[in-house]
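Here is the structure we will look at, set down as structure tokens.
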Amino acid sequence: MKTVSVRHKLIAVIAYFFWPFSILIVATKLKKDQFLRFHGYQALILGICGSVFYLVSGCFLRMIPGLGHSLFNLLAYIWVCLAVFLAFRCWLGECFKVPFVYHVAHWDMD
């Protein structure tokens with residue numbers, strides 16, 4: 001197994017916490033590295049889908065008094081936990097495939 005540099009691990013970790021940063025990975029020569037390409041595309045698709053879902057669900061859940069606000073906060077908490085989990089796996093140098101997201105992000109690379 002190929003070892004991944006600390007610099008590349010850090011770049012990939014940042015991409016999961018701040019998904020617009022992943023555009024730099026997929027739009028520059030950084031995508032030549034297989035590890036960065038994998039995490040860059042996955043973080044980008046996950047970030048875009050998550051942001052759209054967050055905005056849409058936020059609009060609808062805020063209309064429900066009491067329960068809607070709690071559900072919205074729960075979704076935000078789950079999103080942060082997912083980002084921490086993916087960043088941790090990334091820091092270990094692993095390529096964890098997020099179901100559905102991986103197949104969309106890597107449809108032309110397989």
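For the structure tokens, the naming scheme is as follows: chains receive sequential letters (A, B, ...) according to their order of presentation, residues are indexed from 1 within each chain, and ligands are indexed from 1 in presentation order.
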For stretch 82-87 of chain A, list every protein, DNA or RNA residue within 8 Å, evaluated using only C-alpha atoms, and leave out those in the same chain fewer than 6 positions away; present the list as an NGL selection string. :A and (12-14 or 16-17 or 96)
Taking into account only C-alpha atoms, which residue in the set A:Cys90, A:Leu71, A:Val101, A:Val4 is nearest to A:Gln42? A:Val101
Which neighbours of A:Asn73 fall inside 12 Å, counting only C-alpha atoms, when residues of the same chain fewer than 4 positions from it are skipped, and could you give them as a ChimeraX atom specification? /A:54,57-58,61-62,66-69,77-80
Choose the residue, out of A:Leu75, A:Ala105, A:Lys97, A:Ile25, that has the smallest atom-to-atom separation from A:Gly50; count only C-alpha atoms.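 Closest candidate: A:Leu75.
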